[in-house]
Amino acid sequence: MRKRFATGLLAILGMVLSGLAGLAAEEAPRAVFPVKNHDFGTVRQGEKLVHAFTVRNEGSAPLPIDRADLDVSGLTVRLPRVVPPGGESRITLEWDTGRVKGEIEAQIVVHLDDPAEPRVTLVLKALVKPPIEILPYAAAFFSVYEGEAAVRTIQVINNEERPLQITKVEPEGRHFEATLKTLQPGKLCEVLVRIPPDTSPGRYMEAVYLNTDNPTRPRLKIAVNVLVKTDPFVDPDVVDFGLVSLDELVKAPQLLDLLTQKFTIKKRWGEFRIRSISSDLPFVEVTRSPAGRSGLFQVDVGLVRERLQRGKIGGSIRILTSDKKFPRLVVPVRGEVK
């Protein structure tokens with residue numbers, strides 16, 4: 001009799017616990033976002049954009065919202081602390097587009113006290129256009145051989161209703177020419193940047209400035225970066241060992257291999273021979289490959305630990321070639337031993 005009573009009591013207790021578990025399972029929040037994405041379309045740079053995402057709580061317990069993680073500059077968020085059961089609220093986002101441009105996508109990760117979905121990602125998109133666009137970049141890049149000419153075309157686009165007048169083209173440098181071509185008066189023009197064929201070999205960082213009648217953008221800068229290569233051409237044209245620790249090399253001589261620097265000597269057409277290669281620095285060891293004629297050589301520049309002395313590294317590597325136009329090449333060597 002007692003055994004039957006105990007068995008019945010356990011069954012009743014199990015049913016009660018099961019009911020409580022079911023009740024607890026029912027009393028939980030459930031976050032629902034009808035829309036998780038919003039596209040503002042094309043906007044002007046500097047506009048303040050505002051959008052609110054709706055969040056509903058379709059559960060039977062309050063829905064706390066802990067925080068939101070933002071991944072784009074200029075974005076702020078206002079969050080409700082709790083959404084009551086059966087209620088709804090809004091997550092409001094404000095976006096200052098003054099520091100962004102182009103196609104931008106912002107992801108907002110909202111952290112919720114929802115056991116089924118503790119994190120929800122909301123997405124904002126916009127095409128942010130500045131008042132004046134310089135495309136494809138506000139820079140012209142050139143890499144040519146001596147004797148070559150080259151042209152780059154850069155567009156200047158006015159996205160404002162007020163017409164834009166470029167009053168002057170002002171080159172700052174002697175290794176390029178710049179001309180202005182109007183395609184749509186007040187709206188669109190092209191800047192043609194040209195490297196003449198008689199430009200001397202070397203690297204040049206120059207610029208062309210466009211003076212305008214726009215009160216907020218009176219002067220536009222277009223960088224002009226020019227590399228005129230000799231033939232044969234050395235790349236990179238400087239050997240830089242950086243900062244070398246003599247004490248570390250004494251402790252771990254194997255680090256010496258990691259300090260070896262490399263450069264190539266390449267001829268545009270044909271082959272040539274390296275007659276000799278040497279350095280005026282006694283602690284520098286230079287090897288090359290291949291040994292015979294070629295259109296491309298690799299030069300390895302290493303350090304001899306026993307000859308190193310503390311101080312600045314300043315010297316060069318001299319290369320004598322069979323090329324009649326450039327029989328002698330000089331590569332600077334720099335760094336510091338501490």
# chains A, B, ... in the order shown; residues from 1 in each chain; ligands from 1
call {"tool": "residues_around", "arguments": {"residues": "Val120 in chain A", "least_positions_apart": "3", "cutoff": "8 Å", "atoms": "only C-alpha atoms", "output": "PyMOL selection string"}}
result
chain A and resi 109-112+117
call {"tool": "residues_around", "arguments": {"residues": "range 128-130 of chain A", "least_positions_apart": "3", "cutoff": "9 Å", "atoms": "only C-alpha atoms", "output": "VMD selection string"}}
result
chain A and resid 41 to 47 97 to 98 100 to 104 133 158 to 160
call {"tool": "write_last_selection", "arguments": {"atoms": "C-alpha atoms", "output": "compact mmCIF listing (two decimals), in the first residue's frame"}}
result
# COMPACT_ATOMS: atom_id res chain seq x y z
CA GLY A 41 19.67 55.55 -51.53
CA THR A 42 21.82 58.42 -52.83
CA VAL A 43 22.48 61.18 -50.30
CA ARG A 44 24.76 64.17 -50.10
CA GLN A 45 27.80 64.01 -47.90
CA GLY A 46 27.14 65.83 -44.64
CA GLU A 47 23.43 64.97 -44.46
CA THR A 97 27.63 61.31 -43.23
CA GLY A 98 30.17 64.10 -43.01
CA VAL A 100 32.08 58.95 -45.19
CA LYS A 101 31.64 58.74 -48.95
CA GLY A 102 30.85 56.20 -51.63
CA GLU A 103 28.80 53.05 -51.14
CA ILE A 104 28.59 52.55 -47.38
CA GLU A 133 33.89 64.24 -56.64
CA ASN A 158 29.93 68.70 -59.32
CA ASN A 159 27.04 67.11 -57.35
CA GLU A 160 25.60 70.41 -56.14
call {"tool": "residues_around", "arguments": {"residues": "Val151 in chain A", "least_positions_apart": "6", "cutoff": "10 Å", "atoms": "only C-alpha atoms", "output": "PDB file with N, CA and C atoms, in the first residue's frame"}}
result
ATOM      1  N   ALA A 140      47.056  61.110 -59.666  1.00  0.00           N
ATOM      2  CA  ALA A 140      47.466  60.485 -60.918  1.00  0.00           C
ATOM      3  C   ALA A 140      48.779  59.761 -60.663  1.00  0.00           C
ATOM      4  N   PHE A 141      48.848  58.486 -61.060  1.00  0.00           N
ATOM      5  CA  PHE A 141      50.030  57.662 -60.826  1.00  0.00           C
ATOM      6  C   PHE A 141      50.659  57.280 -62.169  1.00  0.00           C
ATOM      7  N   PHE A 142      51.979  57.439 -62.244  1.00  0.00           N
ATOM      8  CA  PHE A 142      52.703  57.106 -63.467  1.00  0.00           C
ATOM      9  C   PHE A 142      53.903  56.222 -63.127  1.00  0.00           C
ATOM     10  N   PHE A 176      55.417  67.317 -65.300  1.00  0.00           N
ATOM     11  CA  PHE A 176      54.160  66.950 -65.939  1.00  0.00           C
ATOM     12  C   PHE A 176      53.499  68.193 -66.508  1.00  0.00           C
ATOM     13  N   GLU A 177      52.499  67.948 -67.357  1.00  0.00           N
ATOM     14  CA  GLU A 177      51.678  69.013 -67.906  1.00  0.00           C
ATOM     15  C   GLU A 177      50.221  68.707 -67.569  1.00  0.00           C
ATOM     16  N   ALA A 178      49.426  69.745 -67.295  1.00  0.00           N
ATOM     17  CA  ALA A 178      48.021  69.550 -66.948  1.00  0.00           C
ATOM     18  C   ALA A 178      47.150  70.501 -67.751  1.00  0.00           C
ATOM     19  N   LEU A 192      43.510  66.473 -67.734  1.00  0.00           N
ATOM     20  CA  LEU A 192      44.434  65.582 -68.431  1.00  0.00           C
ATOM     21  C   LEU A 192      45.839  65.860 -67.913  1.00  0.00           C
ATOM     22  N   VAL A 193      46.444  64.861 -67.292  1.00  0.00           N
ATOM     23  CA  VAL A 193      47.801  64.985 -66.749  1.00  0.00           C
ATOM     24  C   VAL A 193      48.723  64.173 -67.649  1.00  0.00           C
ATOM     25  N   ARG A 194      49.740  64.816 -68.179  1.00  0.00           N
ATOM     26  CA  ARG A 194      50.618  64.178 -69.166  1.00  0.00           C
ATOM     27  C   ARG A 194      52.074  64.233 -68.715  1.00  0.00           C
ATOM     28  N   ILE A 195      52.764  63.106 -68.900  1.00  0.00           N
ATOM     29  CA  ILE A 195      54.205  63.037 -68.658  1.00  0.00           C
ATOM     30  C   ILE A 195      54.914  63.098 -70.011  1.00  0.00           C
ATOM     31  N   PRO A 196      55.710  64.137 -70.273  1.00  0.00           N
ATOM     32  CA  PRO A 196      56.401  64.232 -71.562  1.00  0.00           C
ATOM     33  C   PRO A 196      57.478  63.145 -71.698  1.00  0.00           C
TER      34      PRO A 196
END
call {"tool": "residues_around", "arguments": {"residues": "Met205 in chain A", "least_positions_apart": "5", "cutoff": "9 Å", "atoms": "only C-alpha atoms", "output": "PyMOL selection string"}}
result
chain A and resi 173+223-227
call {"tool": "write_last_selection", "arguments": {"atoms": "N, CA, C and O atoms", "output": "CSV table (one decimal), in the first residue's frame"}}
result
chain,number,residue,atom,x,y,z
A,173,GLY,N,55.0,71.6,-59.9
A,173,GLY,CA,56.0,70.6,-60.3
A,173,GLY,C,56.4,70.9,-61.7
A,173,GLY,O,55.7,71.6,-62.5
A,223,ALA,N,47.1,64.9,-56.5
A,223,ALA,CA,48.5,64.5,-56.4
A,223,ALA,C,48.9,63.9,-57.7
A,223,ALA,O,48.2,63.2,-58.4
A,224,VAL,N,50.2,64.2,-58.0
A,224,VAL,CA,50.8,63.6,-59.2
A,224,VAL,C,52.1,62.9,-58.8
A,224,VAL,O,53.0,63.5,-58.4
A,225,ASN,N,52.0,61.5,-58.9
A,225,ASN,CA,53.1,60.7,-58.4
A,225,ASN,C,53.8,60.1,-59.7
A,225,ASN,O,53.1,59.3,-60.4
A,226,VAL,N,55.0,60.4,-59.9
A,226,VAL,CA,55.7,60.0,-61.1
A,226,VAL,C,56.9,59.1,-60.8
A,226,VAL,O,57.7,59.5,-60.0
A,227,LEU,N,57.0,58.0,-61.5
A,227,LEU,CA,58.3,57.2,-61.5
A,227,LEU,C,58.7,57.0,-62.9
A,227,LEU,O,58.0,56.4,-63.7
call {"tool": "closest_residue", "arguments": {"among": "A:Gln184, A:Leu79, A:Arg67, A:His51", "to": "Glu94 in chain A", "atoms": "only C-alpha atoms"}}
result
A:His51
call {"tool": "select_by_dssp", "arguments": {"residues": "range 255-284 of chain A", "states": "helix (DSSP H, G or I)", "output": "PyMOL selection string"}}
result
chain A and resi 255-258
call {"tool": "write_last_selection", "arguments": {"atoms": "C-alpha atoms", "output": "PDB file, in the first residue's frame"}}
result
ATOM      1  CA  LEU A 255      68.600  36.298 -37.275  1.00  0.00           C
ATOM      2  CA  LEU A 256      71.223  37.510 -39.746  1.00  0.00           C
ATOM      3  CA  ASP A 257      69.521  35.618 -42.590  1.00  0.00           C
ATOM      4  CA  LEU A 258      66.274  37.479 -41.930  1.00  0.00           C
TER       5      LEU A 258
END
call {"tool": "atom_distance", "arguments": {"atom1": "CA of Glu271 in chain A", "atom2": "CA of Asp323 in chain A"}}
result
8.7 Å
call {"tool": "select_by_dssp", "arguments": {"residues": "range 74-293 of chain A", "states": "strand (DSSP E or B)", "output": "PyMOL selection string"}}
result
chain A and resi 75-78+82-83+88-96+102-112+119-129+132-135+139-145+150-158+166-172+177-184+188-195+202-212+219-229+233-235+239-244+261-266+272+274-279+284-289
call {"tool": "closest_residue", "arguments": {"among": "A:Leu180, A:Leu127, A:Ile274, A:Ile91", "to": "Gly292 in chain A", "atoms": "only C-alpha atoms"}}
result
A:Ile274
call {"tool": "residues_around", "arguments": {"residues": "Ser276 in chain A", "least_positions_apart": "4", "cutoff": "10 Å", "atoms": "only C-alpha atoms", "output": "list in words"}}
result
Arg288, Arg318, Ile319, Leu320, Thr321, Ser322 and Arg328 of chain A
call {"tool": "write_last_selection", "arguments": {"atoms": "N, CA, C and O atoms", "output": "CSV table (one decimal), in the first residue's frame"}}
result
chain,number,residue,atom,x,y,z
A,288,ARG,N,74.7,37.8,-56.6
A,288,ARG,CA,73.7,38.0,-57.7
A,288,ARG,C,73.4,36.6,-58.4
A,288,ARG,O,74.2,35.7,-58.3
A,318,ARG,N,77.7,49.4,-56.1
A,318,ARG,CA,78.1,49.9,-57.5
A,318,ARG,C,78.0,48.7,-58.4
A,318,ARG,O,78.6,47.6,-58.1
A,319,ILE,N,77.3,48.8,-59.5
A,319,ILE,CA,77.1,47.8,-60.5
A,319,ILE,C,77.6,48.2,-61.8
A,319,ILE,O,77.1,49.2,-62.3
A,320,LEU,N,78.5,47.5,-62.4
A,320,LEU,CA,79.0,47.8,-63.7
A,320,LEU,C,78.4,46.8,-64.7
A,320,LEU,O,78.4,45.6,-64.4
A,321,THR,N,77.8,47.3,-65.8
A,321,THR,CA,77.0,46.4,-66.7
A,321,THR,C,77.6,46.5,-68.1
A,321,THR,O,78.4,47.4,-68.4
A,322,SER,N,77.1,45.6,-69.0
A,322,SER,CA,77.5,45.7,-70.4
A,322,SER,C,76.6,46.6,-71.2
A,322,SER,O,76.8,46.7,-72.4
A,328,ARG,N,76.8,51.9,-65.6
A,328,ARG,CA,77.1,52.0,-64.2
A,328,ARG,C,75.8,52.3,-63.4
A,328,ARG,O,75.1,53.3,-63.7
call {"tool": "atom_distance", "arguments": {"atom1": "CA of His38 in chain A", "atom2": "CA of Val50 in chain A"}}
result
10.6 Å
call {"tool": "atom_distance", "arguments": {"atom1": "CA of Phe272 in chain A", "atom2": "CA of Glu285 in chain A"}}
result
22.6 Å
call {"tool": "residues_around", "arguments": {"residues": "Gln107 in chain A", "least_positions_apart": "2", "cutoff": "7 Å", "atoms": "only C-alpha atoms", "output": "JSON, numbers by chain"}}
result
{"A": [70, 71, 105, 109, 121, 122, 123, 124]}
call {"tool": "residues_around", "arguments": {"residues": "Pro290 in chain A", "least_positions_apart": "5", "cutoff": "10 Å", "atoms": "only C-alpha atoms", "output": "JSON, numbers by chain"}}
result
{"A": [273, 274, 295, 296, 297, 298, 299]}
call {"tool": "write_last_selection", "arguments": {"atoms": "all heavy atoms", "output": "mmCIF file, in the first residue's frame"}}
result
data_model
loop_
_atom_site.group_PDB
_atom_site.id
_atom_site.type_symbol
_atom_site.label_atom_id
_atom_site.label_comp_id
_atom_site.auth_asym_id
_atom_site.auth_seq_id
_atom_site.Cartn_x
_atom_site.Cartn_y
_atom_site.Cartn_z
ATOM 1 N N ARG A 273 74.853 41.904 -69.329
ATOM 2 C CA ARG A 273 75.715 41.192 -68.389
ATOM 3 C C ARG A 273 76.118 42.131 -67.271
ATOM 4 O O ARG A 273 76.397 43.315 -67.508
ATOM 5 C CB ARG A 273 76.954 40.660 -69.101
ATOM 6 C CG ARG A 273 77.936 39.920 -68.171
ATOM 7 C CD ARG A 273 79.184 39.438 -68.883
ATOM 8 N NE ARG A 273 78.867 38.355 -69.818
ATOM 9 C CZ ARG A 273 78.869 38.494 -71.134
ATOM 10 N NH1 ARG A 273 79.176 39.677 -71.678
ATOM 11 N NH2 ARG A 273 78.571 37.482 -71.915
ATOM 12 N N ILE A 274 76.164 41.612 -66.058
ATOM 13 C CA ILE A 274 76.727 42.375 -64.941
ATOM 14 C C ILE A 274 78.224 42.058 -64.892
ATOM 15 O O ILE A 274 78.619 40.920 -64.615
ATOM 16 C CB ILE A 274 76.038 42.008 -63.619
ATOM 17 C CG1 ILE A 274 74.577 42.483 -63.635
ATOM 18 C CG2 ILE A 274 76.771 42.639 -62.428
ATOM 19 C CD1 ILE A 274 73.803 42.181 -62.370
ATOM 20 N N GLY A 295 67.953 39.124 -68.803
ATOM 21 C CA GLY A 295 67.173 40.354 -68.786
ATOM 22 C C GLY A 295 66.691 40.715 -67.401
ATOM 23 O O GLY A 295 66.128 41.786 -67.181
ATOM 24 N N LEU A 296 66.922 39.797 -66.415
ATOM 25 C CA LEU A 296 66.481 40.012 -65.040
ATOM 26 C C LEU A 296 67.471 39.368 -64.081
ATOM 27 O O LEU A 296 67.777 38.182 -64.195
ATOM 28 C CB LEU A 296 65.088 39.409 -64.831
ATOM 29 C CG LEU A 296 64.513 39.471 -63.416
ATOM 30 C CD1 LEU A 296 64.279 40.916 -62.998
ATOM 31 C CD2 LEU A 296 63.224 38.670 -63.322
ATOM 32 N N PHE A 297 67.980 40.150 -63.144
ATOM 33 C CA PHE A 297 68.897 39.672 -62.128
ATOM 34 C C PHE A 297 68.300 39.926 -60.742
ATOM 35 O O PHE A 297 67.618 40.935 -60.528
ATOM 36 C CB PHE A 297 70.247 40.390 -62.213
ATOM 37 C CG PHE A 297 71.031 40.083 -63.450
ATOM 38 C CD1 PHE A 297 70.858 40.841 -64.599
ATOM 39 C CD2 PHE A 297 71.943 39.027 -63.468
ATOM 40 C CE1 PHE A 297 71.580 40.573 -65.747
ATOM 41 C CE2 PHE A 297 72.664 38.742 -64.602
ATOM 42 C CZ PHE A 297 72.485 39.518 -65.756
ATOM 43 N N GLN A 298 68.594 39.013 -59.824
ATOM 44 C CA GLN A 298 68.272 39.232 -58.416
ATOM 45 C C GLN A 298 69.560 39.418 -57.647
ATOM 46 O O GLN A 298 70.497 38.626 -57.798
ATOM 47 C CB GLN A 298 67.491 38.060 -57.820
ATOM 48 C CG GLN A 298 67.196 38.264 -56.321
ATOM 49 C CD GLN A 298 66.303 37.200 -55.741
ATOM 50 O OE1 GLN A 298 65.169 37.024 -56.174
ATOM 51 N NE2 GLN A 298 66.814 36.458 -54.754
ATOM 52 N N VAL A 299 69.586 40.446 -56.809
ATOM 53 C CA VAL A 299 70.775 40.757 -56.012
ATOM 54 C C VAL A 299 70.401 40.630 -54.536
ATOM 55 O O VAL A 299 69.426 41.241 -54.083
ATOM 56 C CB VAL A 299 71.304 42.171 -56.315
ATOM 57 C CG1 VAL A 299 72.533 42.472 -55.452
ATOM 58 C CG2 VAL A 299 71.633 42.316 -57.795
#
call {"tool": "decode", "arguments": {"residues": "range 200-334 of chain A", "atoms": "C-alpha atoms", "output": "JSON list (two decimals), in the first residue's frame"}}
result
[["chain", "number", "residue", "atom", "x", "y", "z"],
["A", 200, "SER", "CA", 64.41, 62.66, -66.57],
["A", 201, "PRO", "CA", 64.58, 59.36, -64.66],
["A", 202, "GLY", "CA", 63.59, 59.58, -60.99],
["A", 203, "ARG", "CA", 60.71, 59.66, -58.51],
["A", 204, "TYR", "CA", 58.63, 62.82, -58.24],
["A", 205, "MET", "CA", 55.80, 63.66, -55.84],
["A", 206, "GLU", "CA", 54.07, 66.73, -57.21],
["A", 207, "ALA", "CA", 50.52, 68.08, -57.54],
["A", 208, "VAL", "CA", 48.12, 70.12, -59.62],
["A", 209, "TYR", "CA", 45.67, 72.51, -57.94],
["A", 210, "LEU", "CA", 42.29, 73.56, -59.30],
["A", 211, "ASN", "CA", 41.06, 76.94, -58.12],
["A", 212, "THR", "CA", 37.22, 77.09, -58.05],
["A", 213, "ASP", "CA", 34.43, 79.54, -57.30],
["A", 214, "ASN", "CA", 32.94, 77.18, -54.69],
["A", 215, "PRO", "CA", 33.10, 78.95, -51.28],
["A", 216, "THR", "CA", 33.57, 75.68, -49.35],
["A", 217, "ARG", "CA", 36.00, 74.02, -51.82],
["A", 218, "PRO", "CA", 37.98, 76.94, -53.28],
["A", 219, "ARG", "CA", 41.06, 74.83, -54.06],
["A", 220, "LEU", "CA", 41.13, 71.18, -55.10],
["A", 221, "LYS", "CA", 44.32, 69.15, -55.00],
["A", 222, "ILE", "CA", 45.23, 66.30, -57.35],
["A", 223, "ALA", "CA", 48.46, 64.54, -56.40],
["A", 224, "VAL", "CA", 50.80, 63.60, -59.24],
["A", 225, "ASN", "CA", 53.13, 60.69, -58.45],
["A", 226, "VAL", "CA", 55.69, 59.96, -61.14],
["A", 227, "LEU", "CA", 58.27, 57.19, -61.49],
["A", 228, "VAL", "CA", 60.46, 57.40, -64.59],
["A", 229, "LYS", "CA", 62.58, 54.26, -64.81],
["A", 230, "THR", "CA", 65.92, 53.77, -66.44],
["A", 231, "ASP", "CA", 66.49, 50.74, -68.64],
["A", 232, "PRO", "CA", 67.80, 48.59, -66.97],
["A", 233, "PHE", "CA", 65.78, 49.45, -63.86],
["A", 234, "VAL", "CA", 66.58, 48.73, -60.18],
["A", 235, "ASP", "CA", 63.64, 47.82, -57.91],
["A", 236, "PRO", "CA", 63.59, 48.82, -55.10],
["A", 237, "ASP", "CA", 66.12, 51.55, -55.74],
["A", 238, "VAL", "CA", 67.32, 51.70, -52.10],
["A", 239, "VAL", "CA", 68.59, 48.97, -49.74],
["A", 240, "ASP", "CA", 67.29, 49.78, -46.25],
["A", 241, "PHE", "CA", 68.29, 47.52, -43.33],
["A", 242, "GLY", "CA", 66.29, 49.56, -40.83],
["A", 243, "LEU", "CA", 67.39, 49.25, -37.19],
["A", 244, "VAL", "CA", 69.78, 46.34, -36.51],
["A", 245, "SER", "CA", 70.50, 45.21, -32.94],
["A", 246, "LEU", "CA", 74.09, 43.98, -32.59],
["A", 247, "ASP", "CA", 73.35, 42.46, -29.18],
["A", 248, "GLU", "CA", 70.46, 40.41, -30.60],
["A", 249, "LEU", "CA", 72.66, 39.14, -33.43],
["A", 250, "VAL", "CA", 75.28, 37.98, -30.92],
["A", 251, "LYS", "CA", 72.61, 36.06, -28.99],
["A", 252, "ALA", "CA", 70.90, 34.64, -32.10],
["A", 253, "PRO", "CA", 73.19, 34.62, -35.17],
["A", 254, "GLN", "CA", 70.44, 32.94, -37.22],
["A", 255, "LEU", "CA", 68.60, 36.30, -37.28],
["A", 256, "LEU", "CA", 71.22, 37.51, -39.75],
["A", 257, "ASP", "CA", 69.52, 35.62, -42.59],
["A", 258, "LEU", "CA", 66.27, 37.48, -41.93],
["A", 259, "LEU", "CA", 68.05, 40.81, -42.44],
["A", 260, "THR", "CA", 69.13, 39.99, -46.00],
["A", 261, "GLN", "CA", 67.68, 42.53, -48.45],
["A", 262, "LYS", "CA", 66.89, 41.86, -52.10],
["A", 263, "PHE", "CA", 66.48, 43.93, -55.23],
["A", 264, "THR", "CA", 66.13, 43.18, -58.92],
["A", 265, "ILE", "CA", 67.76, 44.67, -62.00],
["A", 266, "LYS", "CA", 65.48, 44.38, -64.99],
["A", 267, "LYS", "CA", 65.93, 45.34, -68.62],
["A", 268, "ARG", "CA", 62.85, 46.23, -70.63],
["A", 269, "TRP", "CA", 64.00, 44.44, -73.78],
["A", 270, "GLY", "CA", 66.95, 42.16, -74.44],
["A", 271, "GLU", "CA", 69.69, 40.92, -72.15],
["A", 272, "PHE", "CA", 72.86, 42.31, -70.61],
["A", 273, "ARG", "CA", 75.71, 41.19, -68.39],
["A", 274, "ILE", "CA", 76.73, 42.37, -64.94],
["A", 275, "ARG", "CA", 80.49, 42.85, -65.20],
["A", 276, "SER", "CA", 81.02, 43.48, -61.50],
["A", 277, "ILE", "CA", 79.10, 44.31, -58.35],
["A", 278, "SER", "CA", 80.62, 45.69, -55.14],
["A", 279, "SER", "CA", 79.97, 47.90, -52.10],
["A", 280, "ASP", "CA", 81.96, 50.57, -50.29],
["A", 281, "LEU", "CA", 80.66, 49.17, -46.96],
["A", 282, "PRO", "CA", 83.04, 46.52, -45.53],
["A", 283, "PHE", "CA", 80.28, 44.70, -43.60],
["A", 284, "VAL", "CA", 78.03, 44.22, -46.66],
["A", 285, "GLU", "CA", 78.12, 41.02, -48.71],
["A", 286, "VAL", "CA", 76.57, 41.08, -52.20],
["A", 287, "THR", "CA", 75.63, 38.12, -54.42],
["A", 288, "ARG", "CA", 73.69, 37.97, -57.68],
["A", 289, "SER", "CA", 71.91, 35.42, -59.85],
["A", 290, "PRO", "CA", 72.12, 34.33, -62.58],
["A", 291, "ALA", "CA", 75.83, 34.54, -63.32],
["A", 292, "GLY", "CA", 75.65, 35.01, -67.11],
["A", 293, "ARG", "CA", 73.60, 37.21, -69.45],
["A", 294, "SER", "CA", 69.97, 37.85, -68.59],
["A", 295, "GLY", "CA", 67.17, 40.35, -68.79],
["A", 296, "LEU", "CA", 66.48, 40.01, -65.04],
["A", 297, "PHE", "CA", 68.90, 39.67, -62.13],
["A", 298, "GLN", "CA", 68.27, 39.23, -58.42],
["A", 299, "VAL", "CA", 70.77, 40.76, -56.01],
["A", 300, "ASP", "CA", 70.97, 39.65, -52.36],
["A", 301, "VAL", "CA", 72.58, 42.04, -49.89],
["A", 302, "GLY", "CA", 73.55, 40.57, -46.52],
["A", 303, "LEU", "CA", 75.46, 41.71, -43.44],
["A", 304, "VAL", "CA", 78.69, 40.21, -42.10],
["A", 305, "ARG", "CA", 78.18, 40.14, -38.32],
["A", 306, "GLU", "CA", 81.88, 40.11, -37.40],
["A", 307, "ARG", "CA", 82.45, 43.38, -39.28],
["A", 308, "LEU", "CA", 79.43, 45.27, -38.01],
["A", 309, "GLN", "CA", 79.96, 48.42, -35.95],
["A", 310, "ARG", "CA", 77.43, 50.53, -34.11],
["A", 311, "GLY", "CA", 76.26, 53.65, -35.90],
["A", 312, "LYS", "CA", 74.49, 54.84, -39.02],
["A", 313, "ILE", "CA", 74.73, 52.81, -42.21],
["A", 314, "GLY", "CA", 75.43, 55.00, -45.22],
["A", 315, "GLY", "CA", 76.99, 53.76, -48.43],
["A", 316, "SER", "CA", 76.19, 52.28, -51.80],
["A", 317, "ILE", "CA", 76.36, 49.28, -54.10],
["A", 318, "ARG", "CA", 78.07, 49.86, -57.47],
["A", 319, "ILE", "CA", 77.06, 47.76, -60.45],
["A", 320, "LEU", "CA", 78.99, 47.77, -63.73],
["A", 321, "THR", "CA", 77.02, 46.41, -66.70],
["A", 322, "SER", "CA", 77.51, 45.69, -70.40],
["A", 323, "ASP", "CA", 74.63, 48.04, -71.25],
["A", 324, "LYS", "CA", 76.00, 50.95, -73.31],
["A", 325, "LYS", "CA", 73.40, 53.44, -72.13],
["A", 326, "PHE", "CA", 73.68, 52.62, -68.42],
["A", 327, "PRO", "CA", 77.08, 51.00, -67.86],
["A", 328, "ARG", "CA", 77.07, 51.97, -64.17],
["A", 329, "LEU", "CA", 74.24, 51.73, -61.62],
["A", 330, "VAL", "CA", 74.43, 52.93, -58.03],
["A", 331, "VAL", "CA", 72.06, 51.69, -55.29],
["A", 332, "PRO", "CA", 72.15, 53.55, -51.93],
["A", 333, "VAL", "CA", 72.41, 51.49, -48.72],
["A", 334, "ARG", "CA", 71.10, 52.82, -45.40]]
